[in-house]
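S.K.: Here's a structure for you.
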Amino acid sequence: EPVTLRNVYKDAFYIGAALNRFQIDETDSIMAGIVGREFSSITAENEMKSMQIHPTKDTFNYEYPDKFVALGEKHNMFIHGHTLVWHSQLSPWIRNIEDSTEMAEALKSHITAVVSRYKGKIHSWDVVNEALNEDGTLRKSVFLEVMGEDYLPLAFKWTSEIDPDADLYYNDYNMANPEKRAGAIRLVKNIMDKGVKVDGIGMQGHWHLNTPSLEEIEKSIVDYASLGVKVAITELDISVLPNPRDLVGADIGQNFDNSELLNPYTKGLPDSIQVKLANRYTDIFKIFLKHKDKISRVTFWGVNDGQSWLNGFPVRGRTNHPLLFDRELKPKSAYDSIIALKQRD
Ligand code: G3I
């Protein structure tokens with residue numbers, strides 16, 4: 001069988017990619033070929049977020065979510081739903097609710113409508129996304145302010161009542177940060193202690209060439225798995241730009257509109273950084289393979305550098321090169337390295 005990420009890693013864990021609107025539409029045939037050949041799982045980068053899929057109380061936009069699910073079924077992929085409860089990109093009709101009962105009804109109606117539609121088709125959900133602060137305390141989102149902590153077990157309870165077969169995840173970033181890791185373990189344990197099903201913890205994996213440390217990444221995978229849940233790396237990309245924390249006061253760039261198929265920035269990446277990126281991905285995948293019994297899925301947050309959300313972030317006007325395929329849709333040395341790593345495994 002052909003040497004592709006999907007085939008080479010199939011006895012370890014799903015290898016996924018987040019897809020934007022163009023990739024869901026298969027606008028570019030070369031890109032569509034890469035997605036179908038290289039990945040065994042897909043996540044919708046934006047199309048299933050509250051603002052996109054359920055913009056007003058009585059309207060739903062299922063066009064792209066339906067296309068996304070159909071694409072996953074066409075390629076016999078593990079289809080992941082992102083995300084049911086998130087404070088960002090939240091529809092105004094939910095964001096402006098001030099009454100606890102009304103908020104519960106709103107969240108329950110959102111979850112009921114969306115999870116019912118894709119029951120049996122979407123295999124796992126990011127039920128709650130980014131509910132923690134960096135110090136491990138609960139983020140003061142509108143959900144916490146209006147409903148209190150109960151929104152967390154209720155979101156998982158409602159989802160599991162609709163689709164008991166889907167794997168339900170808590171998803172967040174900086175999950176290799178010791179304080180946040182402790183908070184995430186507390187959060188998930190509290191839900192499970194109420195007898196509510198949580199199947200997995202998602203570590204987003206928006207990492208950098210040198211941070212977080214390999215030790216903290218490995219410790220997180222082990223500690224999360226010790227709760228008896230699956231661990232997924234849900235949004236992996238390695239920014240070659242300095243860590244935002246090192247850029248205090250810098251002009252933090254805006255997100256790049258993913259519709260740009262060809263990024264106007266310089267195309268190349270110095271070989272020295274290509275090698276650093278390949279080595280960083282290799283080091284990280286060595287840990288994933290060591291703990292493949294704990295890891296259900298590793299999803300890259302995008303297919304190709306030219307459409308990464310990291311272009312222009314954290315510094316406006318700076319190209320980033322975080323993924324496995326370059327601006328010409330060619331596999332980078334990082335791609336070759338993680339394929340070779342598994343072949344040696
Ligand atoms: O679709 C509109 C387009 O019509 C309009 O012309 C354009 C104008 O700026 O905006 C487009 O929407 C943008 C959307 O991406 C699609 O390109 C939004 O402004 C922009 O905010 C949105 O950014 C996304 C961001 O989440 C916020 O939702 C990024 O693409 C996406 O990569 C990023 O992903 C998040 C995960 O969902 C959660 N974890 C963190 C991760 C990175 O922030």
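Naming scheme: A, B, ... for chains in displayed order of the structure tokens; residues 1 onward per chain; ligands 1 onward as shown.
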How close does chain A get to ligand 1? List, as CSV, each residue of chain A within 10 Å, its nearest atom pair and the distance in Å to one decimal, counting only C-alpha atoms and all ligand atoms.

M.R.:
```
residue,atom,partner,partner_atom_place_in_ligand_line,distance
A:Ala18,CA,ligand 1,32 (O),8.2
A:Leu19,CA,ligand 1,32 (O),9.2
A:Asn20,CA,ligand 1,16 (C),7.4
A:Arg21,CA,ligand 1,16 (C),8.0
A:Thr43,CA,ligand 1,37 (O),9.7
A:Ala44,CA,ligand 1,37 (O),8.6
A:Glu45,CA,ligand 1,31 (C),5.6
A:Asn46,CA,ligand 1,28 (O),5.9
A:Glu47,CA,ligand 1,16 (C),8.3
A:Met48,CA,ligand 1,37 (O),9.4
A:Lys49,CA,ligand 1,28 (O),7.5
A:Ser50,CA,ligand 1,28 (O),9.8
A:Met51,CA,ligand 1,28 (O),9.1
A:Gln52,CA,ligand 1,1 (O),8.8
A:His82,CA,ligand 1,37 (O),7.2
A:Thr83,CA,ligand 1,37 (O),7.6
A:Trp86,CA,ligand 1,38 (C),8.6
A:Ser88,CA,ligand 1,28 (O),6.8
A:Gln89,CA,ligand 1,28 (O),5.6
A:Leu90,CA,ligand 1,28 (O),9.3
A:Asp126,CA,ligand 1,38 (C),9.8
A:Asn129,CA,ligand 1,38 (C),7.2
A:Glu130,CA,ligand 1,39 (N),7.6
A:Asn171,CA,ligand 1,39 (N),8.4
A:Asp172,CA,ligand 1,39 (N),7.0
A:Tyr173,CA,ligand 1,39 (N),6.8
A:Met203,CA,ligand 1,39 (N),9.9
A:Gln204,CA,ligand 1,39 (N),6.7
A:Gly205,CA,ligand 1,39 (N),9.3
A:His206,CA,ligand 1,40 (C),7.8
A:Thr234,CA,ligand 1,39 (N),8.8
A:Glu235,CA,ligand 1,39 (N),7.0
A:Leu236,CA,ligand 1,41 (C),9.8
A:Asp237,CA,ligand 1,42 (C),9.9
A:Gln254,CA,ligand 1,21 (O),8.1
A:Asn255,CA,ligand 1,23 (O),5.7
A:Phe256,CA,ligand 1,17 (O),6.8
A:Asp257,CA,ligand 1,17 (O),4.3
A:Asn258,CA,ligand 1,17 (O),4.4
A:Ser259,CA,ligand 1,17 (O),6.5
A:Glu260,CA,ligand 1,17 (O),9.1
A:Trp301,CA,ligand 1,32 (O),7.0
A:Gly302,CA,ligand 1,32 (O),7.8
A:Gln307,CA,ligand 1,30 (O),8.8
A:Ser308,CA,ligand 1,32 (O),7.0
A:Trp309,CA,ligand 1,32 (O),4.7
A:Leu310,CA,ligand 1,32 (O),7.8
A:Phe313,CA,ligand 1,43 (O),9.8
```

S.K.: List the spatial neighbours of range 22-34 of chain A as an mmCIF file with C-alpha atoms, in the first residue's frame - criterion: any atom at most 12 Å away, only C-alpha atoms, same-chain residues fewer than 2 positions off excluded.

M.R.:
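To be explicit, this is the file written out as result-v4.cif:
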```cif
data_model
loop_
_atom_site.group_PDB
_atom_site.id
_atom_site.type_symbol
_atom_site.label_atom_id
_atom_site.label_comp_id
_atom_site.auth_asym_id
_atom_site.auth_seq_id
_atom_site.Cartn_x
_atom_site.Cartn_y
_atom_site.Cartn_z
ATOM 1 C CA THR A 4 1.138 7.926 3.391
ATOM 2 C CA LEU A 5 0.718 9.278 6.933
ATOM 3 C CA ARG A 6 -2.625 7.511 7.160
ATOM 4 C CA GLY A 16 -6.060 14.082 11.233
ATOM 5 C CA ALA A 17 -6.198 17.557 9.747
ATOM 6 C CA ALA A 18 -8.418 20.581 10.329
ATOM 7 C CA LEU A 19 -10.136 21.635 7.107
ATOM 8 C CA ASN A 20 -11.239 25.108 6.086
ATOM 9 C CA GLY A 36 -7.924 11.987 0.983
ATOM 10 C CA ARG A 37 -4.579 10.211 0.802
ATOM 11 C CA GLU A 38 -2.729 11.391 3.907
ATOM 12 C CA PHE A 39 -5.339 11.715 6.671
ATOM 13 C CA SER A 40 -7.565 9.208 8.478
ATOM 14 C CA ILE A 42 -10.809 15.362 9.853
ATOM 15 C CA THR A 43 -11.960 18.285 12.007
ATOM 16 C CA ALA A 44 -13.827 21.355 10.694
ATOM 17 C CA GLU A 45 -11.562 24.333 11.474
ATOM 18 C CA ASN A 46 -14.476 26.777 11.730
ATOM 19 C CA GLU A 47 -17.643 25.526 10.080
ATOM 20 C CA GLU A 63 -24.322 23.327 4.380
ATOM 21 C CA TYR A 64 -20.631 23.096 5.263
ATOM 22 C CA PRO A 65 -21.028 20.730 8.228
ATOM 23 C CA ASP A 66 -22.956 18.358 5.915
ATOM 24 C CA LYS A 67 -20.247 18.627 3.221
ATOM 25 C CA PHE A 68 -17.565 18.091 5.872
ATOM 26 C CA VAL A 69 -19.244 14.913 7.172
ATOM 27 C CA ALA A 70 -19.823 13.666 3.613
ATOM 28 C CA LEU A 71 -16.123 14.191 2.823
ATOM 29 C CA GLY A 72 -15.154 12.199 5.914
ATOM 30 C CA LYS A 74 -16.253 9.356 1.366
ATOM 31 C CA HIS A 75 -12.721 8.689 2.659
ATOM 32 C CA ASP A 257 -8.387 34.836 6.195
ATOM 33 C CA ASN A 258 -8.061 31.181 5.242
ATOM 34 C CA SER A 259 -9.525 31.905 1.825
ATOM 35 C CA GLU A 260 -6.095 32.903 0.585
ATOM 36 C CA LEU A 261 -4.915 29.884 -1.303
ATOM 37 C CA LEU A 262 -1.586 31.507 -2.028
ATOM 38 C CA GLY A 302 -4.373 22.567 8.990
ATOM 39 C CA VAL A 303 -2.829 20.876 5.964
ATOM 40 C CA ASN A 304 -0.533 23.496 4.485
ATOM 41 C CA GLY A 306 -0.150 28.950 3.307
ATOM 42 C CA GLN A 307 -3.524 28.628 5.034
ATOM 43 C CA LEU A 324 3.753 19.354 7.117
ATOM 44 C CA PHE A 325 3.000 20.765 3.638
ATOM 45 C CA ASP A 326 4.534 23.972 2.293
ATOM 46 C CA ARG A 327 3.105 26.822 0.218
ATOM 47 C CA GLU A 328 3.507 24.775 -2.921
ATOM 48 C CA LEU A 329 1.624 21.898 -1.238
ATOM 49 C CA LYS A 330 4.841 19.857 -1.215
ATOM 50 C CA PRO A 331 5.615 17.672 1.811
#
```

S.K.: Mind listing the strand (DSSP E) residues of range 115-334 of chain A, per DSSP on the backbone, as number ranges by chain?

M.R.: A: 124-129, 167-172, 200-203, 206-208, 230-239, 295-300

S.K.: Just the residues within 8 Å of range 184-197 of chain A, please, counting only C-alpha atoms, with nothing from its chain fewer than 4 positions along; format it as number ranges by chain.

M.R.: A: 132, 136, 152-153, 156-157, 160, 168, 170, 175, 180, 224, 227

S.K.: If you count only C-alpha atoms, which residues fall within 8 Å of Leu209 in chain A, apart from same-chain ones fewer than 5 positions away, as a list in words?

M.R.: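 Within the cut-off, the hits are Ile238, Ser239, Val240, Lys276, Leu277 and Arg280 of chain A.
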
S.K.: So that I have them on file, write out the residues from the current selection with N, CA and C atoms, as a PDB file, in the first residue's frame.

M.R.:
```
ATOM      1  N   ILE A 238       3.448  23.635  14.849  1.00  0.00           N
ATOM      2  CA  ILE A 238       4.676  24.088  15.517  1.00  0.00           C
ATOM      3  C   ILE A 238       5.075  25.433  14.907  1.00  0.00           C
ATOM      4  N   SER A 239       4.797  26.495  15.659  1.00  0.00           N
ATOM      5  CA  SER A 239       5.116  27.835  15.142  1.00  0.00           C
ATOM      6  C   SER A 239       6.632  28.013  15.102  1.00  0.00           C
ATOM      7  N   VAL A 240       7.148  28.466  13.950  1.00  0.00           N
ATOM      8  CA  VAL A 240       8.591  28.718  13.873  1.00  0.00           C
ATOM      9  C   VAL A 240       8.884  30.165  14.259  1.00  0.00           C
ATOM     10  N   LYS A 276      15.209  22.236  11.980  1.00  0.00           N
ATOM     11  CA  LYS A 276      14.750  22.364  13.379  1.00  0.00           C
ATOM     12  C   LYS A 276      13.307  21.889  13.510  1.00  0.00           C
ATOM     13  N   LEU A 277      12.499  22.247  12.522  1.00  0.00           N
ATOM     14  CA  LEU A 277      11.075  21.871  12.561  1.00  0.00           C
ATOM     15  C   LEU A 277      10.942  20.356  12.437  1.00  0.00           C
ATOM     16  N   ARG A 280      11.949  18.786  15.694  1.00  0.00           N
ATOM     17  CA  ARG A 280      10.957  19.016  16.751  1.00  0.00           C
ATOM     18  C   ARG A 280       9.768  18.072  16.568  1.00  0.00           C
TER      19      ARG A 280
END
```

S.K.: Any idea what the distance is between CA of Val229 in chain A and CA of Ile111 in chain A?

M.R.: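 We find that CA of Val229 in chain A and CA of Ile111 in chain A lie 21.9 Å from each other.
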
S.K.: Which is closer to Glu149 in chain A than all the others in A:Ile273, A:Ala334, A:Ala131, A:Ala340, using only C-alpha atoms?

M.R.: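 For Glu149 in chain A, the nearest of the given residues is A:Ala131.
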
S.K.: Nearest to Tyr281 in chain A among A:Thr56, A:Ser100, A:Asn210, A:Thr112, with distances taken over only C-alpha atoms: which residue is it?

M.R.: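 Checking each candidate against Tyr281 in chain A, we get A:Asn210 as the closest.
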
S.K.: Using only C-alpha atoms, find the one residue out of A:Lys119, A:Lys140, A:Arg181, A:Lys57 that sits nearest to Thr159 in chain A.

M.R.: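 Of all the options, A:Lys119 lies closest to Thr159 in chain A.
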
S.K.: Please indicate the distance in Å from CA of Glu1 in chain A to CA of Asn279 in chain A, rounded to one decimal place.

M.R.: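 Taking CA of Glu1 in chain A and CA of Asn279 in chain A, their separation equals 26.5 Å.
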
S.K.: Can you tell me, as a ChimeraX atom specification, which residues in range 64-285 of chain A count as alpha helix (DSSP H) by DSSP?

M.R.: /A:64-74,92-95,100-117,142-147,151-162,178-193,214-225,271-285
